[in-house]
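As provided, work23.txt (compact mmCIF, C-alpha atoms) reads as follows.
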```
# COMPACT_ATOMS: atom_id res chain seq x y z
CA MET A 189 108.06 94.87 99.42
CA ASN A 190 106.67 91.37 99.88
CA GLN A 191 104.79 89.25 97.36
CA THR A 192 101.36 90.19 98.79
CA ASP A 193 102.10 93.93 98.43
CA MET A 194 103.30 93.46 94.87
CA GLU A 195 100.12 91.60 93.98
CA GLN A 196 98.00 94.40 95.47
CA GLY A 197 100.00 97.01 93.53
CA LEU A 198 101.02 98.98 96.62
CA ASP A 199 103.59 101.72 96.00
CA TYR A 200 105.97 102.77 98.78
CA ASN A 201 108.33 105.75 98.89
CA THR A 202 111.22 103.37 99.54
CA SER A 203 110.69 101.83 96.10
CA ARG A 204 110.30 105.17 94.31
CA GLU A 205 112.90 107.43 92.75
CA LYS A 206 114.92 109.36 95.32
CA MET A 207 114.06 113.07 95.35
CA ALA A 208 116.76 115.75 95.27
CA MET A 209 114.46 118.21 97.10
CA PRO A 210 112.06 116.10 99.22
CA GLU A 211 110.73 119.19 100.98
CA TYR A 212 108.73 120.07 97.85
CA GLY A 213 107.11 116.66 97.62
CA ARG A 214 106.73 114.13 94.86
CA ASN A 215 104.03 116.07 93.02
CA VAL A 216 106.50 118.84 92.19
CA LEU A 217 108.95 116.19 90.99
CA LYS A 218 106.26 114.83 88.66
CA MET A 219 105.57 118.37 87.36
CA VAL A 220 109.25 118.81 86.54
CA GLN A 221 109.43 115.45 84.84
CA LYS A 222 106.40 116.34 82.70
CA LEU A 223 107.71 119.76 81.70
CA LYS A 224 110.98 118.17 80.52
CA GLU A 225 108.90 116.12 78.08
CA ILE A 226 107.32 119.21 76.49
CA PRO A 227 108.90 119.48 72.99
CA ASP A 228 108.20 123.18 72.45
CA ARG A 229 110.87 125.28 74.20
CA GLN A 230 108.61 128.29 74.71
CA LYS A 231 105.86 126.21 76.31
CA ARG A 232 108.46 124.32 78.35
CA SER A 233 109.87 127.59 79.66
CA SER A 234 106.39 128.87 80.51
CA GLN A 235 105.63 125.66 82.40
CA ALA A 236 108.93 125.97 84.30
CA ALA A 237 107.93 129.46 85.48
CA ALA A 238 104.60 128.01 86.64
CA VAL A 239 106.39 125.32 88.64
CA ILE A 240 108.51 128.06 90.26
CA LYS A 241 105.28 129.72 91.43
CA VAL A 242 104.12 126.42 92.94
CA MET A 243 107.44 125.99 94.74
CA GLU A 244 107.19 129.54 96.04
CA THR A 245 103.71 128.81 97.42
CA LEU A 246 104.84 125.58 99.08
CA ASN A 247 107.88 127.28 100.62
CA PRO A 248 106.81 130.81 101.68
CA GLY A 249 109.80 131.07 104.01
CA VAL A 250 112.03 131.40 100.96
CA HIS A 251 111.04 135.09 100.76
CA GLN A 252 113.23 135.73 103.79
CA LEU A 253 116.31 134.74 101.82
CA GLU A 254 118.32 137.14 99.74
CA ASN A 255 117.84 136.61 95.98
CA TYR A 256 115.14 134.07 96.72
CA GLU A 257 114.07 133.84 93.05
CA HIS A 258 117.56 132.78 92.09
CA LYS A 259 117.52 130.12 94.80
CA LEU A 260 114.16 128.80 93.58
CA TRP A 261 115.49 128.39 90.05
CA ASP A 262 118.59 126.62 91.40
CA GLN A 263 116.31 124.26 93.29
CA LEU A 264 114.24 123.64 90.17
CA TYR A 265 117.39 122.71 88.28
CA MET A 266 118.34 120.37 91.13
CA ILE A 267 114.94 118.64 91.00
CA ALA A 268 115.39 118.27 87.23
CA GLY A 269 118.77 116.65 87.74
CA PHE A 270 120.56 119.69 86.25
CA ASP A 271 119.15 118.69 82.88
CA LEU A 272 116.58 121.33 82.02
CA ASP A 273 116.65 123.28 78.77
CA VAL A 274 114.49 126.37 79.30
CA ASP A 275 114.65 130.12 78.91
CA ALA A 276 115.24 131.17 82.52
CA PRO A 277 116.42 134.39 84.20
CA TYR A 278 119.28 132.43 85.78
CA PRO A 279 121.63 129.85 84.24
CA CYS A 280 121.71 126.25 85.35
CA PRO A 281 124.26 125.85 88.16
CA GLU A 282 127.06 123.33 88.01
CA LYS A 283 126.19 120.03 89.65
CA GLU A 284 129.58 119.96 91.36
CA GLN A 285 128.60 123.04 93.39
CA PHE A 286 126.08 120.93 95.30
CA SER A 287 128.08 117.71 95.53
CA THR A 288 131.25 118.93 97.23
CA ASN A 289 132.10 117.55 100.66
CA PRO A 290 131.46 119.87 103.61
CA VAL A 291 134.44 121.67 105.09
CA PRO A 292 135.35 119.98 108.40
CA LEU A 293 135.12 122.19 111.45
CA PRO A 294 138.41 122.64 113.29
CA MET A 295 138.44 120.91 116.65
CA LYS A 296 140.01 122.34 119.76
CA ASP A 297 143.42 120.85 120.53
CA THR A 298 143.01 121.04 124.29
CA LYS A 299 140.29 119.68 126.52
CA VAL A 300 138.16 121.91 128.69
CA LYS A 301 139.69 121.97 132.16
CA ALA A 302 136.31 122.28 133.88
CA ALA A 303 133.40 121.19 131.66
CA HIS A 304 130.69 122.65 133.92
CA TYR A 305 132.24 126.11 133.48
CA GLY A 306 132.96 125.91 129.77
CA ARG A 307 135.80 127.07 127.53
CA ASN A 308 134.76 130.74 127.60
CA ILE A 309 135.47 130.88 131.34
CA GLU A 310 138.99 129.67 130.62
CA LYS A 311 139.44 132.44 128.06
CA ILE A 312 138.23 135.09 130.53
CA ILE A 313 140.58 133.78 133.21
CA ASN A 314 143.50 133.86 130.76
CA LEU A 315 142.69 137.48 129.94
CA LEU A 316 142.53 138.39 133.63
CA CYS A 317 145.95 136.85 134.13
CA GLU A 318 147.37 139.48 131.80
CA GLU A 319 145.76 142.40 133.67
CA GLU A 320 147.69 144.38 136.22
CA ASP A 321 146.47 144.27 139.81
CA SER A 322 143.93 147.00 140.51
CA GLU A 323 140.50 147.58 142.04
CA VAL A 324 138.94 147.05 138.63
CA LYS A 325 140.66 143.66 138.28
CA THR A 326 139.49 142.67 141.76
CA GLU A 327 135.89 143.51 140.88
CA MET A 328 136.21 141.61 137.60
CA ILE A 329 137.41 138.53 139.49
CA ARG A 330 134.47 138.82 141.88
CA CYS A 331 131.96 139.10 139.00
CA LEU A 332 133.58 136.09 137.37
CA ALA A 333 133.37 134.12 140.61
CA LEU A 334 129.67 134.96 140.99
CA TYR A 335 128.96 133.69 137.49
CA MET A 336 131.02 130.54 138.06
CA ARG A 337 129.11 129.87 141.28
CA GLN A 338 125.87 130.10 139.33
CA GLN A 339 127.19 127.60 136.75
CA TYR A 340 128.41 125.32 139.53
CA LEU A 341 124.99 125.28 141.16
CA ILE A 342 123.30 124.46 137.86
CA TRP A 343 125.34 121.33 137.28
CA ASN A 344 126.31 120.15 140.74
CA LYS A 345 124.54 120.65 144.06
CA ASP A 346 122.46 123.12 146.07
CA SER A 347 125.32 124.92 147.82
CA VAL A 348 129.00 125.60 147.32
CA ALA A 349 131.60 127.37 149.44
CA ASP A 350 133.25 130.52 148.12
CA GLU A 351 136.62 128.88 148.67
CA THR A 352 135.70 126.13 146.20
CA ILE A 353 135.03 128.68 143.45
CA PHE A 354 138.21 130.59 144.27
CA LYS A 355 140.28 127.40 144.13
CA ASP A 356 138.73 126.54 140.75
CA ILE A 357 139.69 129.96 139.38
CA GLU A 358 143.28 129.57 140.51
CA ALA A 359 143.48 125.97 139.25
CA ILE A 360 142.08 126.82 135.82
CA SER A 361 144.58 129.68 135.54
CA GLU A 362 147.35 127.21 136.48
CA TYR A 363 147.84 129.41 139.55
CA ARG A 364 148.81 132.46 137.52
CA LEU A 365 145.75 134.27 138.91
CA LYS A 366 145.44 134.83 142.65
CA VAL A 367 142.05 135.60 144.18
CA PRO A 368 142.46 138.58 146.55
CA GLU A 369 142.26 137.73 150.25
CA GLY A 370 139.08 138.63 152.06
CA MET A 371 136.87 138.38 148.95
CA SER A 372 133.30 137.24 149.63
CA LEU A 373 130.49 136.40 147.25
CA GLY A 374 127.65 136.73 149.72
CA LYS A 375 124.80 134.33 150.32
CA VAL A 376 122.62 132.80 147.61
CA SER A 377 118.97 133.84 147.87
CA PRO A 378 116.76 130.85 148.85
CA GLU A 379 114.19 131.98 146.25
CA LEU A 380 116.59 131.40 143.36
CA ASN A 381 116.39 128.10 141.53
CA PHE A 382 119.29 127.20 139.24
CA SER A 383 117.88 124.88 136.56
CA ARG A 384 119.78 122.99 133.91
CA PRO A 385 119.38 124.07 130.26
CA GLY A 386 116.23 122.59 128.78
CA LEU A 387 114.50 122.41 132.15
CA GLY A 388 114.11 126.17 132.52
CA ILE A 389 116.60 129.00 132.40
CA GLY A 390 117.85 129.79 135.87
CA PRO A 391 118.03 131.54 138.14
CA ASN A 392 114.24 131.65 138.30
CA PRO A 393 112.22 132.30 141.45
CA GLN A 394 109.81 129.43 140.75
CA GLY A 395 108.60 129.32 144.32
CA LYS A 396 107.40 132.90 144.00
CA ASN A 397 105.53 132.05 140.80
CA ARG A 398 103.78 129.15 142.49
CA LYS A 399 102.70 131.41 145.33
CA GLN A 400 101.29 133.93 142.86
CA LYS A 401 99.30 131.18 141.08
CA ASN A 402 97.95 129.90 144.39
CA ASN A 403 96.94 133.42 145.41
CA ARG A 404 95.06 133.91 142.14
CA ARG A 405 93.23 130.65 142.64
CA GLY A 406 92.31 131.67 146.20
CA ASN A 407 90.95 135.01 145.00
CA LYS A 408 88.77 133.28 142.41
CA LYS A 409 87.24 131.05 145.08
CA LYS A 410 86.38 134.08 147.20
```

Spit out the file's structure as structure tokens when you get a sec.
Amino acid sequence: MNQTDMEQGLDYNTSREKMAMPEYGRNVLKMVQKLKEIPDRQKRSSQAAAVIKVMETLNPGVHQLENYEHKLWDQLYMIAGFDLDVDAPYPCPEKEQFSTNPVPLPMKDTKVKAAHYGRNIEKIINLLCEEEDSEVKTEMIRCLALYMRQQYLIWNKDSVADETIFKDIEAISEYRLKVPEGMSLGKVSPELNFSRPGLGIGPNPQGKNRKQKNNRRGNKKK
């Protein structure tokens, strides 16, 4: 805050007290601060219940949570800095419960062998390696190859040879899995469009949709 702002008496959030629950706004914080100053315990408790109602109105999504009333009271205690002496249906929680460090997520030890396929494909291939040769296993390999071709087309280019997918399967399996000879995946329909995530979930026959829109426009003109 510069000298001009100080002279004009401007008040910025950056210079105000940090809020424990900013989603409820500073007005709720002021309510809590005022109720803590009420000397009569009964009136203070009644005012706390009224603040809970305000919080419930400001956060209607809390009703979707289990024991939402308990959570609201915990949040009220947090806003009050865990220093609120009232008659409440729930006791004040320990501050340490909300100040513990998050548990770190375990990271995978090994890198993904083919990032455009993902780790789940590796797991499926490893499971197939343990299966005995049979017609069912052959069909499972073919279904896997079809899905991998779809993933390949999303992240790479417009066409890919079956042999490329088969070689990827064998390489990811460290050549423990052998694609049966004579297997074919068939041709990719020209109407299918494999889009990257966030740009539209593929495959999606977008060309067909455009034709339908154009037809509707033509009918309106007629």

query = Counting all atoms listed in the file, what is within 12 Å of Gly306 (chain A), bar same-chain residues fewer than 4 positions away, as a PyMOL selection string?
reply = chain A and resi 299-302+310-313+335-336+339-340+343+360

request  = Counting only C-alpha atoms, note down every residue that has an atom within 8 Å of the point (113.0, 128.6, 90.9) (file coordinates), as a list in words.
outcome  = Ala237, Val239, Ile240, Lys241, Met243, Glu244, Glu257, His258, Lys259, Leu260, Trp261, Asp262, Gln263, Leu264 and Tyr265 of chain A

Just C-alpha atoms for this one: save the residues we selected as a compact mmCIF listing (two decimals), in the coordinates of the input.
```
# COMPACT_ATOMS: atom_id res chain seq x y z
CA ALA A 237 107.93 129.46 85.48
CA VAL A 239 106.39 125.32 88.64
CA ILE A 240 108.51 128.06 90.26
CA LYS A 241 105.28 129.72 91.43
CA MET A 243 107.44 125.99 94.74
CA GLU A 244 107.19 129.54 96.04
CA GLU A 257 114.07 133.84 93.05
CA HIS A 258 117.56 132.78 92.09
CA LYS A 259 117.52 130.12 94.80
CA LEU A 260 114.16 128.80 93.58
CA TRP A 261 115.49 128.39 90.05
CA ASP A 262 118.59 126.62 91.40
CA GLN A 263 116.31 124.26 93.29
CA LEU A 264 114.24 123.64 90.17
CA TYR A 265 117.39 122.71 88.28
```

Could the centre and edge lengths of an axis-aligned box, enclosing all atoms of region 353-362 of chain A in the file with 6 Å extra on each side, be given in Å to one decimal as AutoDock Vina command-line options?
```
--center_x 141.2 --center_y 128.3 --center_z 139.9 --size_x 24.3 --size_y 16.6 --size_z 20.7
```

key: Contact residues around Glu211 (chain A) with all atoms listed in the file at 10 Å, ignoring same-chain residues under 2 positions, as JSON, numbers by chain   = {"A": [207, 208, 209, 213, 214, 216, 243, 246, 247]}

request  = Calculate how many Å separate CA of Leu217 (chain A) from CA of Leu253 (chain A), rounding to one decimal.
outcome  = 22.7 Å

query = From the list A:Met371, A:Val376, A:Gln252, A:Asp273, which residue is nearest Ser347 (chain A) when using all atoms listed in the file?
reply =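 Comparing A:Met371, A:Val376, A:Gln252, A:Asp273 against Ser347 (chain A), the winner is A:Val376.
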
query = How far is it from CA of Cys280 (chain A) to CA of Pro248 (chain A), in Å with one decimal?
reply =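 Between CA of Cys280 (chain A) and CA of Pro248 (chain A) the gap is 22.6 Å.
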
task = For the point (142.5, 130.2, 140.6) in the file's frame, write as a ChimeraX atom specification all residues with an atom no more than 10 Å away, counting only C-alpha atoms.
result = /A:313,317,329,333,352-367

request  = Quick one: pull the distance between CA of Glu351 (chain A) and CA of Lys375 (chain A), Å, one decimal.
outcome  =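 Separating CA of Glu351 (chain A) from CA of Lys375 (chain A) is a distance of 13.1 Å.
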
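Minimum atom-to-atom distance to Asn215 (chain A), evaluated using only C-alpha atoms, belongs to A:Ile267 out of A:Tyr256, A:Ile267, A:Glu327, A:Gln235.
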
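Every protein, DNA or RNA residue with an atom at most 12 Å from region 229-234 of chain A, where only C-alpha atoms count and chain neighbours fewer than 4 positions away do not, is listed here: A:Met219, A:Val220, A:Gln221, A:Lys222, A:Leu223, A:Lys224, A:Glu225, A:Ala238, A:Val239, A:Ile240, A:Lys241, A:Trp261, A:Leu272, A:Asp273, A:Val274, A:Asp275, A:Ala276, A:Pro277.
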
Could you pull region 291-314 of chain A out of the block above and save it with N, CA and C atoms, as a PDB file, in the first residue's frame?
```pdb
ATOM      1  N   VAL A 291      -0.261 -36.642   3.538  1.00  0.00           N
ATOM      2  CA  VAL A 291       0.495 -37.876   3.322  1.00  0.00           C
ATOM      3  C   VAL A 291       0.968 -37.901   1.874  1.00  0.00           C
ATOM      4  N   PRO A 292       2.259 -38.043   1.634  1.00  0.00           N
ATOM      5  CA  PRO A 292       2.758 -38.052   0.251  1.00  0.00           C
ATOM      6  C   PRO A 292       2.272 -39.286  -0.504  1.00  0.00           C
ATOM      7  N   LEU A 293       1.913 -39.073  -1.760  1.00  0.00           N
ATOM      8  CA  LEU A 293       1.468 -40.179  -2.591  1.00  0.00           C
ATOM      9  C   LEU A 293       2.676 -40.978  -3.065  1.00  0.00           C
ATOM     10  N   PRO A 294       2.572 -42.296  -3.004  1.00  0.00           N
ATOM     11  CA  PRO A 294       3.705 -43.110  -3.474  1.00  0.00           C
ATOM     12  C   PRO A 294       3.865 -42.980  -4.980  1.00  0.00           C
ATOM     13  N   MET A 295       5.087 -42.810  -5.420  1.00  0.00           N
ATOM     14  CA  MET A 295       5.386 -42.685  -6.836  1.00  0.00           C
ATOM     15  C   MET A 295       5.822 -44.032  -7.393  1.00  0.00           C
ATOM     16  N   LYS A 296       5.518 -44.238  -8.659  1.00  0.00           N
ATOM     17  CA  LYS A 296       5.908 -45.469  -9.311  1.00  0.00           C
ATOM     18  C   LYS A 296       7.434 -45.515  -9.454  1.00  0.00           C
ATOM     19  N   ASP A 297       7.997 -46.708  -9.205  1.00  0.00           N
ATOM     20  CA  ASP A 297       9.442 -46.858  -9.289  1.00  0.00           C
ATOM     21  C   ASP A 297       9.928 -46.894 -10.733  1.00  0.00           C
ATOM     22  N   THR A 298       9.118 -47.416 -11.618  1.00  0.00           N
ATOM     23  CA  THR A 298       9.535 -47.589 -13.002  1.00  0.00           C
ATOM     24  C   THR A 298       8.809 -46.609 -13.908  1.00  0.00           C
ATOM     25  N   LYS A 299       9.476 -46.227 -14.979  1.00  0.00           N
ATOM     26  CA  LYS A 299       8.880 -45.333 -15.955  1.00  0.00           C
ATOM     27  C   LYS A 299       7.953 -46.108 -16.881  1.00  0.00           C
ATOM     28  N   VAL A 300       7.008 -45.394 -17.456  1.00  0.00           N
ATOM     29  CA  VAL A 300       6.109 -46.010 -18.428  1.00  0.00           C
ATOM     30  C   VAL A 300       6.908 -46.277 -19.698  1.00  0.00           C
ATOM     31  N   LYS A 301       6.819 -47.492 -20.202  1.00  0.00           N
ATOM     32  CA  LYS A 301       7.611 -47.868 -21.368  1.00  0.00           C
ATOM     33  C   LYS A 301       7.127 -47.159 -22.630  1.00  0.00           C
ATOM     34  N   ALA A 302       5.828 -46.942 -22.727  1.00  0.00           N
ATOM     35  CA  ALA A 302       5.256 -46.244 -23.878  1.00  0.00           C
ATOM     36  C   ALA A 302       4.202 -45.279 -23.352  1.00  0.00           C
ATOM     37  N   ALA A 303       4.552 -43.990 -23.235  1.00  0.00           N
ATOM     38  CA  ALA A 303       3.678 -43.022 -22.576  1.00  0.00           C
ATOM     39  C   ALA A 303       2.345 -42.865 -23.289  1.00  0.00           C
ATOM     40  N   HIS A 304       2.310 -42.993 -24.615  1.00  0.00           N
ATOM     41  CA  HIS A 304       1.064 -42.789 -25.344  1.00  0.00           C
ATOM     42  C   HIS A 304       0.092 -43.943 -25.154  1.00  0.00           C
ATOM     43  N   TYR A 305       0.563 -45.054 -24.591  1.00  0.00           N
ATOM     44  CA  TYR A 305      -0.337 -46.168 -24.264  1.00  0.00           C
ATOM     45  C   TYR A 305      -0.756 -46.143 -22.797  1.00  0.00           C
ATOM     46  N   GLY A 306       0.142 -45.719 -21.930  1.00  0.00           N
ATOM     47  CA  GLY A 306      -0.186 -45.645 -20.513  1.00  0.00           C
ATOM     48  C   GLY A 306       0.225 -46.886 -19.742  1.00  0.00           C
ATOM     49  N   ARG A 307       0.236 -46.746 -18.410  1.00  0.00           N
ATOM     50  CA  ARG A 307       0.687 -47.831 -17.544  1.00  0.00           C
ATOM     51  C   ARG A 307      -0.308 -48.983 -17.500  1.00  0.00           C
ATOM     52  N   ASN A 308      -1.598 -48.689 -17.662  1.00  0.00           N
ATOM     53  CA  ASN A 308      -2.596 -49.765 -17.608  1.00  0.00           C
ATOM     54  C   ASN A 308      -2.404 -50.776 -18.734  1.00  0.00           C
ATOM     55  N   ILE A 309      -1.965 -50.293 -19.900  1.00  0.00           N
ATOM     56  CA  ILE A 309      -1.696 -51.206 -21.012  1.00  0.00           C
ATOM     57  C   ILE A 309      -0.571 -52.168 -20.634  1.00  0.00           C
ATOM     58  N   GLU A 310       0.438 -51.660 -19.955  1.00  0.00           N
ATOM     59  CA  GLU A 310       1.524 -52.522 -19.497  1.00  0.00           C
ATOM     60  C   GLU A 310       1.008 -53.607 -18.556  1.00  0.00           C
ATOM     61  N   LYS A 311       0.103 -53.211 -17.663  1.00  0.00           N
ATOM     62  CA  LYS A 311      -0.449 -54.194 -16.716  1.00  0.00           C
ATOM     63  C   LYS A 311      -1.234 -55.267 -17.447  1.00  0.00           C
ATOM     64  N   ILE A 312      -2.023 -54.862 -18.445  1.00  0.00           N
ATOM     65  CA  ILE A 312      -2.813 -55.841 -19.211  1.00  0.00           C
ATOM     66  C   ILE A 312      -1.888 -56.795 -19.953  1.00  0.00           C
ATOM     67  N   ILE A 313      -0.839 -56.255 -20.553  1.00  0.00           N
ATOM     68  CA  ILE A 313       0.106 -57.100 -21.280  1.00  0.00           C
ATOM     69  C   ILE A 313       0.784 -58.088 -20.334  1.00  0.00           C
ATOM     70  N   ASN A 314       1.142 -57.626 -19.145  1.00  0.00           N
ATOM     71  CA  ASN A 314       1.765 -58.526 -18.167  1.00  0.00           C
ATOM     72  C   ASN A 314       0.818 -59.651 -17.763  1.00  0.00           C
TER      73      ASN A 314
END
```
